[in-house]
file work.txt (compact mmCIF, C-alpha atoms and all ligand atoms)
# COMPACT_ATOMS: atom_id res chain seq x y z
CA MET A 286 -34.21 -3.79 -32.87
CA PRO A 287 -31.81 -5.42 -30.40
CA ASN A 288 -33.03 -7.82 -27.75
CA VAL A 289 -31.60 -8.10 -24.22
CA THR A 290 -28.72 -10.38 -25.26
CA ASP A 291 -27.72 -8.19 -28.23
CA GLN A 292 -27.76 -5.10 -26.05
CA LEU A 293 -25.69 -6.64 -23.23
CA LYS A 294 -23.14 -8.00 -25.70
CA GLN A 295 -22.88 -4.61 -27.34
CA GLN A 296 -22.08 -3.19 -23.89
CA ALA A 297 -19.31 -5.81 -23.54
CA VAL A 298 -20.90 -7.18 -20.34
CA ASP A 299 -19.18 -10.24 -18.79
CA PRO A 300 -20.59 -13.27 -20.72
CA GLU A 301 -21.52 -15.11 -17.50
CA LEU A 302 -23.44 -12.07 -16.31
CA VAL A 303 -25.23 -11.95 -19.68
CA VAL A 304 -26.43 -15.53 -19.18
CA LEU A 305 -27.53 -14.72 -15.63
CA LEU A 306 -29.53 -11.67 -16.76
CA GLU A 307 -31.09 -13.68 -19.62
CA THR A 308 -32.16 -16.26 -17.05
CA ILE A 309 -33.87 -13.60 -14.95
CA THR A 310 -35.61 -12.06 -17.97
CA ASN A 311 -36.82 -15.48 -19.11
CA CYS A 312 -38.39 -16.01 -15.67
CA CYS A 313 -40.02 -12.57 -15.91
CA GLN A 314 -41.61 -13.61 -19.22
CA GLU A 315 -43.02 -16.72 -17.57
CA ILE A 316 -44.36 -14.69 -14.65
CA ALA A 317 -45.94 -12.25 -17.12
CA GLY A 318 -47.66 -15.23 -18.78
CA LYS A 319 -49.17 -16.38 -15.49
CA LEU A 320 -50.31 -12.88 -14.56
CA ARG A 321 -51.92 -12.40 -17.97
CA LEU A 322 -54.39 -15.19 -17.26
CA GLY A 323 -55.53 -13.53 -14.04
CA ALA A 324 -58.05 -15.50 -12.01
CA LEU A 325 -58.23 -18.20 -14.74
CA THR A 326 -55.01 -19.70 -13.42
CA GLY A 327 -56.69 -20.25 -10.05
CA ILE A 328 -53.49 -19.12 -8.34
CA LEU A 329 -54.47 -15.69 -7.16
CA GLY A 330 -55.57 -15.09 -3.60
CA VAL A 331 -53.98 -15.46 -0.24
CA THR A 332 -52.04 -18.52 0.90
CA GLU A 333 -51.86 -19.75 4.47
CA ASP A 334 -48.15 -18.92 4.71
CA THR A 335 -46.64 -15.72 6.02
CA ASN A 336 -43.11 -14.65 5.11
CA VAL A 337 -40.34 -13.81 7.57
CA GLN A 338 -41.53 -10.20 7.67
CA GLY A 339 -44.95 -11.26 8.95
CA GLU A 340 -46.82 -10.52 5.71
CA THR A 341 -49.32 -12.89 4.11
CA GLN A 342 -47.89 -14.33 0.91
CA LYS A 343 -49.97 -14.40 -2.23
CA GLU A 344 -49.67 -17.64 -4.08
CA LEU A 345 -48.09 -15.93 -7.07
CA ASP A 346 -45.38 -14.52 -4.77
CA VAL A 347 -44.42 -18.06 -3.95
CA ILE A 348 -44.59 -19.28 -7.54
CA ALA A 349 -42.50 -16.37 -8.85
CA ASN A 350 -40.02 -16.87 -6.02
CA ASP A 351 -39.61 -20.59 -6.71
CA MET A 352 -39.25 -19.99 -10.43
CA LEU A 353 -36.40 -17.47 -10.01
CA LYS A 354 -34.76 -19.49 -7.26
CA GLU A 355 -34.69 -22.72 -9.25
CA ALA A 356 -33.51 -21.11 -12.49
CA LEU A 357 -30.76 -19.08 -10.83
CA LEU A 358 -29.47 -21.86 -8.59
CA GLY A 359 -29.14 -23.98 -11.74
CA LEU A 360 -26.45 -21.64 -13.09
CA SER A 361 -22.78 -22.41 -12.39
CA SER A 362 -22.06 -18.68 -12.01
CA VAL A 363 -24.52 -18.17 -9.14
CA ALA A 364 -23.00 -18.57 -5.67
CA GLY A 365 -26.27 -17.87 -3.91
CA ILE A 366 -29.59 -16.07 -3.85
CA ALA A 367 -31.48 -13.96 -1.34
CA SER A 368 -35.16 -13.17 -1.73
CA GLU A 369 -37.76 -11.11 0.09
CA GLU A 370 -39.73 -14.36 0.34
CA GLU A 371 -36.90 -16.51 1.80
CA ASP A 372 -36.00 -16.36 5.49
CA LEU A 373 -32.30 -16.92 4.79
CA PRO A 374 -29.98 -16.72 1.76
CA VAL A 375 -29.68 -19.98 -0.19
CA ALA A 376 -26.25 -21.25 -1.30
CA GLY A 377 -25.73 -22.08 -4.98
CA ASN A 378 -22.63 -23.26 -6.82
CA ALA A 379 -19.51 -23.30 -4.63
CA ASN A 380 -17.48 -21.92 -7.56
CA GLY A 381 -20.05 -19.25 -8.47
CA ARG A 382 -19.08 -15.58 -8.67
CA PHE A 383 -22.43 -13.83 -8.35
CA LEU A 384 -25.06 -13.27 -5.67
CA VAL A 385 -28.59 -12.50 -6.89
CA LEU A 386 -31.17 -10.71 -4.72
CA PHE A 387 -34.80 -10.26 -5.70
CA ASP A 388 -38.32 -9.21 -4.83
CA PRO A 389 -40.13 -11.81 -6.95
CA LEU A 390 -43.45 -9.98 -6.97
CA ASP A 391 -43.54 -6.36 -5.92
CA GLY A 392 -46.87 -4.68 -5.25
CA SER A 393 -48.54 -8.02 -4.66
CA SER A 394 -51.52 -6.42 -2.91
CA ASN A 395 -52.42 -5.24 -6.44
CA ILE A 396 -52.58 -8.69 -8.09
CA ASP A 397 -56.17 -9.49 -7.17
CA VAL A 398 -57.37 -6.13 -8.51
CA ASN A 399 -55.48 -6.39 -11.83
CA VAL A 400 -53.21 -3.41 -11.20
CA SER A 401 -49.54 -3.38 -12.27
CA VAL A 402 -47.03 -5.45 -10.32
CA GLY A 403 -43.39 -6.30 -11.02
CA THR A 404 -40.18 -8.21 -10.28
CA ILE A 405 -37.09 -6.39 -8.94
CA PHE A 406 -33.55 -7.84 -9.06
CA SER A 407 -30.01 -6.96 -8.04
CA VAL A 408 -26.66 -8.69 -8.73
CA LEU A 409 -23.66 -8.43 -6.39
CA PRO A 410 -20.19 -9.97 -6.66
CA LEU A 411 -19.36 -12.78 -4.20
CA PRO A 412 -16.67 -11.33 -1.90
CA ALA A 413 -13.43 -13.36 -1.65
CA GLY A 414 -13.48 -15.98 1.09
CA LYS A 415 -17.28 -15.94 1.49
CA SER A 416 -19.96 -18.46 0.60
CA GLY A 417 -23.35 -17.76 -0.99
CA GLY A 418 -25.03 -19.33 2.04
CA ASP A 419 -23.62 -16.67 4.43
CA GLU A 420 -25.76 -13.63 5.09
CA SER A 421 -22.57 -11.58 5.56
CA ALA A 422 -21.61 -12.13 1.89
CA TYR A 423 -24.63 -10.09 0.80
CA LEU A 424 -24.13 -7.16 3.16
CA GLN A 425 -22.47 -4.87 0.61
CA PRO A 426 -23.43 -1.26 -0.16
CA GLY A 427 -25.69 -0.84 -3.20
CA ARG A 428 -22.83 0.87 -5.00
CA ALA A 429 -21.24 -2.60 -5.38
CA GLN A 430 -24.12 -3.86 -7.56
CA LEU A 431 -23.01 -5.21 -10.95
CA ALA A 432 -26.51 -4.92 -12.39
CA SER A 433 -30.06 -4.21 -11.31
CA GLY A 434 -33.45 -3.91 -12.91
CA TYR A 435 -37.15 -4.64 -12.82
CA ALA A 436 -39.86 -6.12 -14.97
CA LEU A 437 -43.15 -4.24 -14.88
CA TYR A 438 -46.26 -6.28 -15.67
CA GLY A 439 -48.53 -3.48 -16.84
CA PRO A 440 -50.53 -2.78 -20.01
CA ALA A 441 -47.18 -3.64 -21.63
CA THR A 442 -44.61 -5.86 -19.94
CA THR A 443 -41.40 -3.86 -19.80
CA LEU A 444 -37.90 -4.50 -18.53
CA SER A 445 -35.68 -1.68 -17.30
CA MET A 446 -32.12 -2.64 -16.55
CA THR A 447 -28.67 -1.23 -15.83
CA THR A 448 -25.19 -2.70 -15.83
CA GLY A 449 -23.73 0.69 -14.97
CA GLN A 450 -23.96 2.05 -18.52
CA GLY A 451 -27.20 4.00 -18.26
CA VAL A 452 -30.68 2.48 -18.11
CA GLN A 453 -32.14 0.60 -21.06
CA GLN A 454 -35.84 -0.17 -21.42
CA PHE A 455 -37.16 -3.20 -23.30
CA VAL A 456 -40.75 -4.10 -24.18
CA LEU A 457 -42.00 -7.69 -24.39
CA ASP A 458 -43.23 -8.07 -27.97
CA ASN A 459 -45.77 -10.50 -29.39
CA ASN A 460 -42.98 -12.92 -30.34
CA GLY A 461 -42.01 -13.28 -26.69
CA GLN A 462 -38.83 -11.16 -27.01
CA PHE A 463 -37.80 -8.26 -24.81
CA THR A 464 -36.98 -5.70 -27.52
CA LEU A 465 -35.07 -2.47 -26.93
CA ALA A 466 -37.43 0.51 -26.78
CA TYR A 467 -35.26 3.19 -25.09
CA GLU A 468 -31.49 3.12 -25.13
CA GLN A 469 -31.05 5.68 -22.31
CA MET A 470 -33.81 6.46 -19.83
CA SER A 471 -33.35 9.92 -18.36
CA ILE A 472 -35.26 11.52 -15.47
CA PRO A 473 -36.12 15.20 -16.01
CA ALA A 474 -34.45 17.25 -13.23
CA ASP A 475 -37.58 19.30 -12.48
CA THR A 476 -41.06 18.02 -11.75
CA LYS A 477 -44.52 18.88 -10.48
CA GLU A 478 -45.49 15.33 -9.48
CA PHE A 479 -45.00 13.46 -6.20
CA SER A 480 -45.83 9.98 -4.97
CA ILE A 481 -46.43 9.13 -1.31
CA ASN A 482 -49.00 7.21 0.71
CA MET A 483 -50.81 10.21 2.26
CA SER A 484 -52.72 8.01 4.71
CA ASN A 485 -49.51 7.72 6.76
CA GLN A 486 -49.10 11.47 7.09
CA ARG A 487 -49.56 11.58 10.87
CA PHE A 488 -46.68 9.12 11.36
CA TRP A 489 -44.05 11.04 9.34
CA ALA A 490 -41.20 13.09 10.77
CA PRO A 491 -41.87 16.86 11.10
CA GLU A 492 -39.53 17.69 8.17
CA MET A 493 -41.48 15.42 5.80
CA GLN A 494 -44.78 16.85 7.07
CA GLU A 495 -43.57 20.36 6.27
CA TYR A 496 -42.14 19.47 2.87
CA ILE A 497 -45.37 17.77 1.73
CA ALA A 498 -47.48 20.61 3.18
CA ASP A 499 -45.54 23.01 0.91
CA LEU A 500 -46.30 20.83 -2.13
CA LEU A 501 -50.00 20.69 -1.20
CA ALA A 502 -50.13 24.48 -0.79
CA GLY A 503 -49.28 24.69 -4.51
CA ASP A 504 -49.19 28.14 -6.08
CA GLN A 505 -50.57 29.61 -2.84
CA GLY A 506 -47.47 28.55 -0.88
CA VAL A 507 -43.68 28.95 -0.85
CA ARG A 508 -43.19 26.66 -3.86
CA GLY A 509 -45.31 28.94 -6.07
CA LYS A 510 -46.52 26.11 -8.32
CA ASN A 511 -49.14 23.37 -8.22
CA PHE A 512 -48.15 19.72 -7.73
CA ASN A 513 -50.00 16.58 -8.79
CA MET A 514 -50.06 13.35 -6.75
CA ARG A 515 -49.95 9.68 -7.87
CA TRP A 516 -49.76 6.52 -5.72
CA ILE A 517 -50.09 3.09 -7.35
CA ALA A 518 -48.86 1.14 -4.30
CA SER A 519 -46.54 -0.93 -6.48
CA MET A 520 -43.04 0.51 -6.19
CA VAL A 521 -42.16 -0.84 -9.64
CA ALA A 522 -45.01 1.06 -11.27
CA ASP A 523 -44.42 4.29 -9.32
CA VAL A 524 -40.66 4.20 -10.01
CA HIS A 525 -41.31 3.38 -13.67
CA ARG A 526 -43.38 6.55 -13.95
CA VAL A 527 -40.56 8.54 -12.33
CA LEU A 528 -37.99 7.05 -14.73
CA THR A 529 -40.26 7.83 -17.67
CA ARG A 530 -41.54 11.35 -17.03
CA GLY A 531 -39.91 12.46 -13.77
CA GLY A 532 -41.38 13.04 -10.34
CA ILE A 533 -40.43 11.97 -6.86
CA PHE A 534 -41.40 8.75 -5.12
CA THR A 535 -41.03 8.38 -1.37
CA TYR A 536 -41.83 5.84 1.31
CA PRO A 537 -40.35 7.87 4.15
CA TRP A 538 -39.32 7.07 7.69
CA ASP A 539 -42.32 6.95 10.02
CA ASP A 540 -42.81 6.30 13.73
CA ARG A 541 -45.10 3.25 13.50
CA SER A 542 -42.41 0.65 14.32
CA PRO A 543 -39.33 2.13 15.97
CA ASP A 544 -37.13 -0.78 14.84
CA LYS A 545 -37.96 -0.22 11.13
CA PRO A 546 -36.96 3.01 9.40
CA GLY A 547 -39.56 2.51 6.66
CA LYS A 548 -41.54 -0.13 4.83
CA LEU A 549 -39.31 -0.84 1.84
CA ARG A 550 -36.44 -3.29 1.90
CA LEU A 551 -32.91 -2.06 1.28
CA MET A 552 -31.58 -5.14 -0.53
CA TYR A 553 -34.58 -6.02 -2.75
CA GLU A 554 -36.13 -2.60 -3.39
CA GLY A 555 -34.03 0.36 -2.18
CA ASN A 556 -30.67 -0.58 -3.71
CA PRO A 557 -31.74 -1.90 -7.13
CA MET A 558 -34.12 1.02 -7.73
CA SER A 559 -31.58 3.57 -6.47
CA LEU A 560 -28.95 2.33 -8.93
CA LEU A 561 -31.43 2.68 -11.81
CA VAL A 562 -32.45 6.16 -10.68
CA GLU A 563 -28.83 7.37 -10.38
CA GLN A 564 -27.97 5.84 -13.75
CA ALA A 565 -30.88 7.81 -15.24
CA GLY A 566 -29.62 11.11 -13.76
CA GLY A 567 -31.83 11.22 -10.64
CA LEU A 568 -31.08 11.04 -6.91
CA ALA A 569 -31.97 8.39 -4.30
CA THR A 570 -31.71 9.16 -0.59
CA THR A 571 -32.98 8.27 2.87
CA CYS A 572 -33.36 12.09 3.33
CA PHE A 573 -30.10 12.01 5.27
CA GLY A 574 -27.71 10.12 3.02
CA ASN A 575 -27.38 8.35 -0.30
CA ILE A 576 -29.10 4.94 -0.27
CA LEU A 577 -26.31 3.34 -2.33
CA ASP A 578 -23.74 4.23 0.36
CA ILE A 579 -25.54 2.44 3.22
CA GLN A 580 -23.56 -0.39 4.80
CA PRO A 581 -26.29 -3.04 5.32
CA SER A 582 -26.42 -4.82 8.67
CA LYS A 583 -29.01 -7.49 7.84
CA ILE A 584 -30.46 -9.02 4.73
CA HIS A 585 -34.11 -8.07 5.31
CA GLN A 586 -33.26 -4.53 6.51
CA ARG A 587 -35.82 -1.76 5.88
CA VAL A 588 -34.93 1.68 4.64
CA ALA A 589 -36.52 5.10 4.16
CA VAL A 590 -36.60 5.87 0.43
CA ALA A 591 -36.96 9.11 -1.52
CA LEU A 592 -35.93 9.09 -5.17
CA GLY A 593 -36.45 10.79 -8.49
CA SER A 594 -36.01 14.18 -10.16
CA LYS A 595 -32.71 15.73 -9.10
CA HIS A 596 -33.83 19.27 -8.32
CA GLU A 597 -36.91 18.16 -6.36
CA ILE A 598 -34.90 15.68 -4.26
CA GLU A 599 -32.50 18.54 -3.53
CA VAL A 600 -35.41 20.60 -2.16
CA LEU A 601 -36.43 17.61 -0.02
CA LEU A 602 -32.85 17.22 1.29
CA ASP A 603 -32.75 20.89 2.09
CA ALA A 604 -35.94 20.52 4.16
CA HIS A 605 -34.18 17.85 6.24
CA LYS A 606 -30.93 19.77 6.85
CA SER A 607 -31.93 21.26 10.18
CA ALA A 608 -32.65 17.79 11.62
CA LEU A 609 -29.00 16.88 11.02
CA ASP A 610 -28.06 19.33 13.81
CA SER A 611 -30.30 17.60 16.32
CA PRO A 612 -29.17 14.08 17.29
CA ALA A 613 -32.45 13.55 19.23
CA ALA A 614 -34.53 14.24 16.11
CA LEU A 615 -32.44 11.70 14.21
CA LEU A 616 -32.95 8.84 16.66
CA ASN A 617 -33.84 5.65 14.73
CA ARG A 618 -33.75 7.42 11.38
P1 LIG B 701 -44.36 -6.04 -1.71
O1 LIG B 701 -45.63 -6.31 -2.45
O2 LIG B 701 -43.15 -6.65 -2.36
O3 LIG B 701 -44.46 -6.37 -0.24
O4 LIG B 701 -44.04 -4.46 -1.78
C1 LIG B 701 -45.05 -3.53 -1.63
C2 LIG B 701 -44.45 -2.19 -1.35
C3 LIG B 701 -44.20 -1.33 -2.58
O5 LIG B 701 -44.31 -1.96 -3.78
C4 LIG B 701 -45.22 -0.23 -2.48
O6 LIG B 701 -44.65 0.98 -2.88
C5 LIG B 701 -45.61 -0.22 -1.04
O7 LIG B 701 -45.35 -1.49 -0.54
C6 LIG B 701 -47.07 0.10 -0.88
O8 LIG B 701 -47.33 0.27 0.47
P2 LIG B 701 -48.75 0.76 1.05
O9 LIG B 701 -49.65 -0.42 0.95
O10 LIG B 701 -48.40 1.14 2.47
O11 LIG B 701 -49.20 1.93 0.23
MN MN B 702 -41.84 -5.13 -2.90
MN MN B 703 -42.79 -8.80 -2.88

call {"tool": "encode", "arguments": {"input": "work.txt", "output": "structure tokens", "more": "lines below"}}
Ligand code: AHG
Ligand code: MN
Ligand code: MN
result
Amino acid sequence: MPNVTDQLKQQAVDPELVVLLETITNCCQEIAGKLRLGALTGILGVTEDTNVQGETQKELDVIANDMLKEALLGLSSVAGIASEEEDLPVAGNANGRFLVLFDPLDGSSNIDVNVSVGTIFSVLPLPAGKSGGDESAYLQPGRAQLASGYALYGPATTLSMTTGQGVQQFVLDNNGQFTLAYEQMSIPADTKEFSINMSNQRFWAPEMQEYIADLLAGDQGVRGKNFNMRWIASMVADVHRVLTRGGIFTYPWDDRSPDKPGKLRLMYEGNPMSLLVEQAGGLATTCFGNILDIQPSKIHQRVAVALGSKHEIEVLLDAHKSALDSPAALLNR
């Protein structure tokens, strides 16, 4: 079966982009190796440092970040990188053509309890006249992404990736190779499964409250069918389930911090996952517009995310239509 390089070459992907994606996948294999040893590595647990978003960094966050940063900045094609764990973008080669954005370890609150975590990445072109050290170079809508993907460190380590030709899934085999397992991932349009952190219910907007209440009412309510709920608290693992068997995943807008429209980050989580979901036939929205069409205003921007099975996201969008008529209801959303 083809490996990552074979598959990308078969898709006639730009050779420099192939090398870049190989570099990322090699780092993911190394990260998988460290995670596999769990507490034996002595690098789990909380560090003293907090990142720019005020969250405590796990030591493996830092290690995974440094690994990707060093490997990518060593490539002549990389003009710069931006990471969830870096305050500012870092310039790379002055003649580079690509910008790489990543969440080095997603779901890091799950590391210490041996639950799935992952690495998310996104590749953008360097706009003409810009440098990889300028934040403004990165502020492109998700639609401009040349590639995106994630590695999921679960019972199997998998890699799901798109270069705009559908979504391919690879599995890390015992010879240390990511081997093609699915040539086209496809999200079923209908579902009976949803994923949301219910403990935040009281902070959601009224439209989301009503939509979820209808799902919970099951066959006794307007939806006329029962729904099941799953929440792993690692976006990679929840989105992987959606890409594999359908469902919807949402971290919606809530009123806890008025300056943040959600918890997830547009550039490291929202955009790369939305491209994968669209390439697999699903939809990705803020509940008011397509995530991939957002014009970013800052690198660490947060975004409300709802993605997954097409028909279910359409029901969710429908539930939010009335709010579009009320500018007051839309404030900060
Ligand atoms: P990260 O570990 O990169 O900060 O991301 C965690 C994110 C995402 O993976 C997950 O869906 C969400 O946070 C979980 O949030 P709650 O702890 O609020 O459930
Ligand atoms: Mn994350
Ligand atoms: Mn992270």

call {"tool": "residues_near_ligand", "arguments": {"input": "work.txt", "ligand": "ligand LIG 701 (chain B)", "cutoff": "9 Å", "atoms": "only C-alpha atoms and all ligand atoms", "output": "JSON, numbers by chain"}}
result
{"A": [340, 342, 346, 369, 370, 388, 389, 390, 391, 392, 393, 394, 395, 402, 403, 404, 405, 481, 482, 483, 484, 485, 516, 517, 518, 519, 520, 521, 522, 523, 524, 534, 535, 536, 548, 549, 550, 553, 554]}

call {"tool": "write_last_selection", "arguments": {"input": "work.txt", "atoms": "C-alpha atoms", "output": "compact mmCIF listing (two decimals), keeping the file's coordinate frame"}}
result
# COMPACT_ATOMS: atom_id res chain seq x y z
CA GLU A 340 -46.82 -10.52 5.71
CA GLN A 342 -47.89 -14.33 0.91
CA ASP A 346 -45.38 -14.52 -4.77
CA GLU A 369 -37.76 -11.11 0.09
CA GLU A 370 -39.73 -14.36 0.34
CA ASP A 388 -38.32 -9.21 -4.83
CA PRO A 389 -40.13 -11.81 -6.95
CA LEU A 390 -43.45 -9.98 -6.97
CA ASP A 391 -43.54 -6.36 -5.92
CA GLY A 392 -46.87 -4.68 -5.25
CA SER A 393 -48.54 -8.02 -4.66
CA SER A 394 -51.52 -6.42 -2.91
CA ASN A 395 -52.42 -5.24 -6.44
CA VAL A 402 -47.03 -5.45 -10.32
CA GLY A 403 -43.39 -6.30 -11.02
CA THR A 404 -40.18 -8.21 -10.28
CA ILE A 405 -37.09 -6.39 -8.94
CA ILE A 481 -46.43 9.13 -1.31
CA ASN A 482 -49.00 7.21 0.71
CA MET A 483 -50.81 10.21 2.26
CA SER A 484 -52.72 8.01 4.71
CA ASN A 485 -49.51 7.72 6.76
CA TRP A 516 -49.76 6.52 -5.72
CA ILE A 517 -50.09 3.09 -7.35
CA ALA A 518 -48.86 1.14 -4.30
CA SER A 519 -46.54 -0.93 -6.48
CA MET A 520 -43.04 0.51 -6.19
CA VAL A 521 -42.16 -0.84 -9.64
CA ALA A 522 -45.01 1.06 -11.27
CA ASP A 523 -44.42 4.29 -9.32
CA VAL A 524 -40.66 4.20 -10.01
CA PHE A 534 -41.40 8.75 -5.12
CA THR A 535 -41.03 8.38 -1.37
CA TYR A 536 -41.83 5.84 1.31
CA LYS A 548 -41.54 -0.13 4.83
CA LEU A 549 -39.31 -0.84 1.84
CA ARG A 550 -36.44 -3.29 1.90
CA TYR A 553 -34.58 -6.02 -2.75
CA GLU A 554 -36.13 -2.60 -3.39

call {"tool": "atom_distance", "arguments": {"input": "work.txt", "atom1": "atom CA of Phe406 of chain A", "atom2": "atom CA of Pro557 of chain A"}}
result
6.5 Å

call {"tool": "residues_around", "arguments": {"input": "work.txt", "residues": "Trp489 of chain A", "least_positions_apart": "6", "cutoff": "12 Å", "atoms": "only C-alpha atoms", "output": "list in words"}}
result
Ile481, Asn482, Met483, Glu495, Tyr496, Ile497, Ala498, Thr535, Tyr536, Pro537, Trp538, Asp539, Asp540, Arg541, Ser542, Pro546, Gly547, Ala589 and Arg618 of chain A

call {"tool": "atom_distance", "arguments": {"input": "work.txt", "atom1": "atom CA of Gly593 of chain A", "atom2": "atom CA of Ile533 of chain A"}}
result
4.5 Å

call {"tool": "residues_around", "arguments": {"input": "work.txt", "residues": "segment 350-355 of chain A", "least_positions_apart": "5", "cutoff": "10 Å", "atoms": "all atoms listed in the file", "output": "list in words"}}
result
Thr308, Ile309, Thr310, Asn311, Cys312, Cys313, Glu315, Ile316, Glu344, Leu345, Leu360, Gly365, Ile366, Ala367, Ser368, Glu369, Glu370, Glu371, Val375, Gly377, Val385, Leu386, Phe387, Asp388, Pro389, Leu390 and Thr404 of chain A

call {"tool": "residues_around", "arguments": {"input": "work.txt", "residues": "Ala432 of chain A", "least_positions_apart": "5", "cutoff": "7 Å", "atoms": "all atoms listed in the file", "output": "ChimeraX atom specification"}}
result
/A:407-408,447-449

call {"tool": "closest_residue", "arguments": {"input": "work.txt", "among": "A:Gly555, A:Gly414, A:Pro287, A:Gly359", "to": "Val456 of chain A", "atoms": "all atoms listed in the file"}}
result
A:Pro287

call {"tool": "atom_distance", "arguments": {"input": "work.txt", "atom1": "atom CA of Lys319 of chain A", "atom2": "atom CA of Ile584 of chain A"}}
result
28.5 Å

call {"tool": "residues_around", "arguments": {"input": "work.txt", "residues": "Met446 of chain A", "least_positions_apart": "6", "cutoff": "9 Å", "atoms": "all atoms listed in the file", "output": "number ranges by chain"}}
result
A: 432-436, 452-455, 561
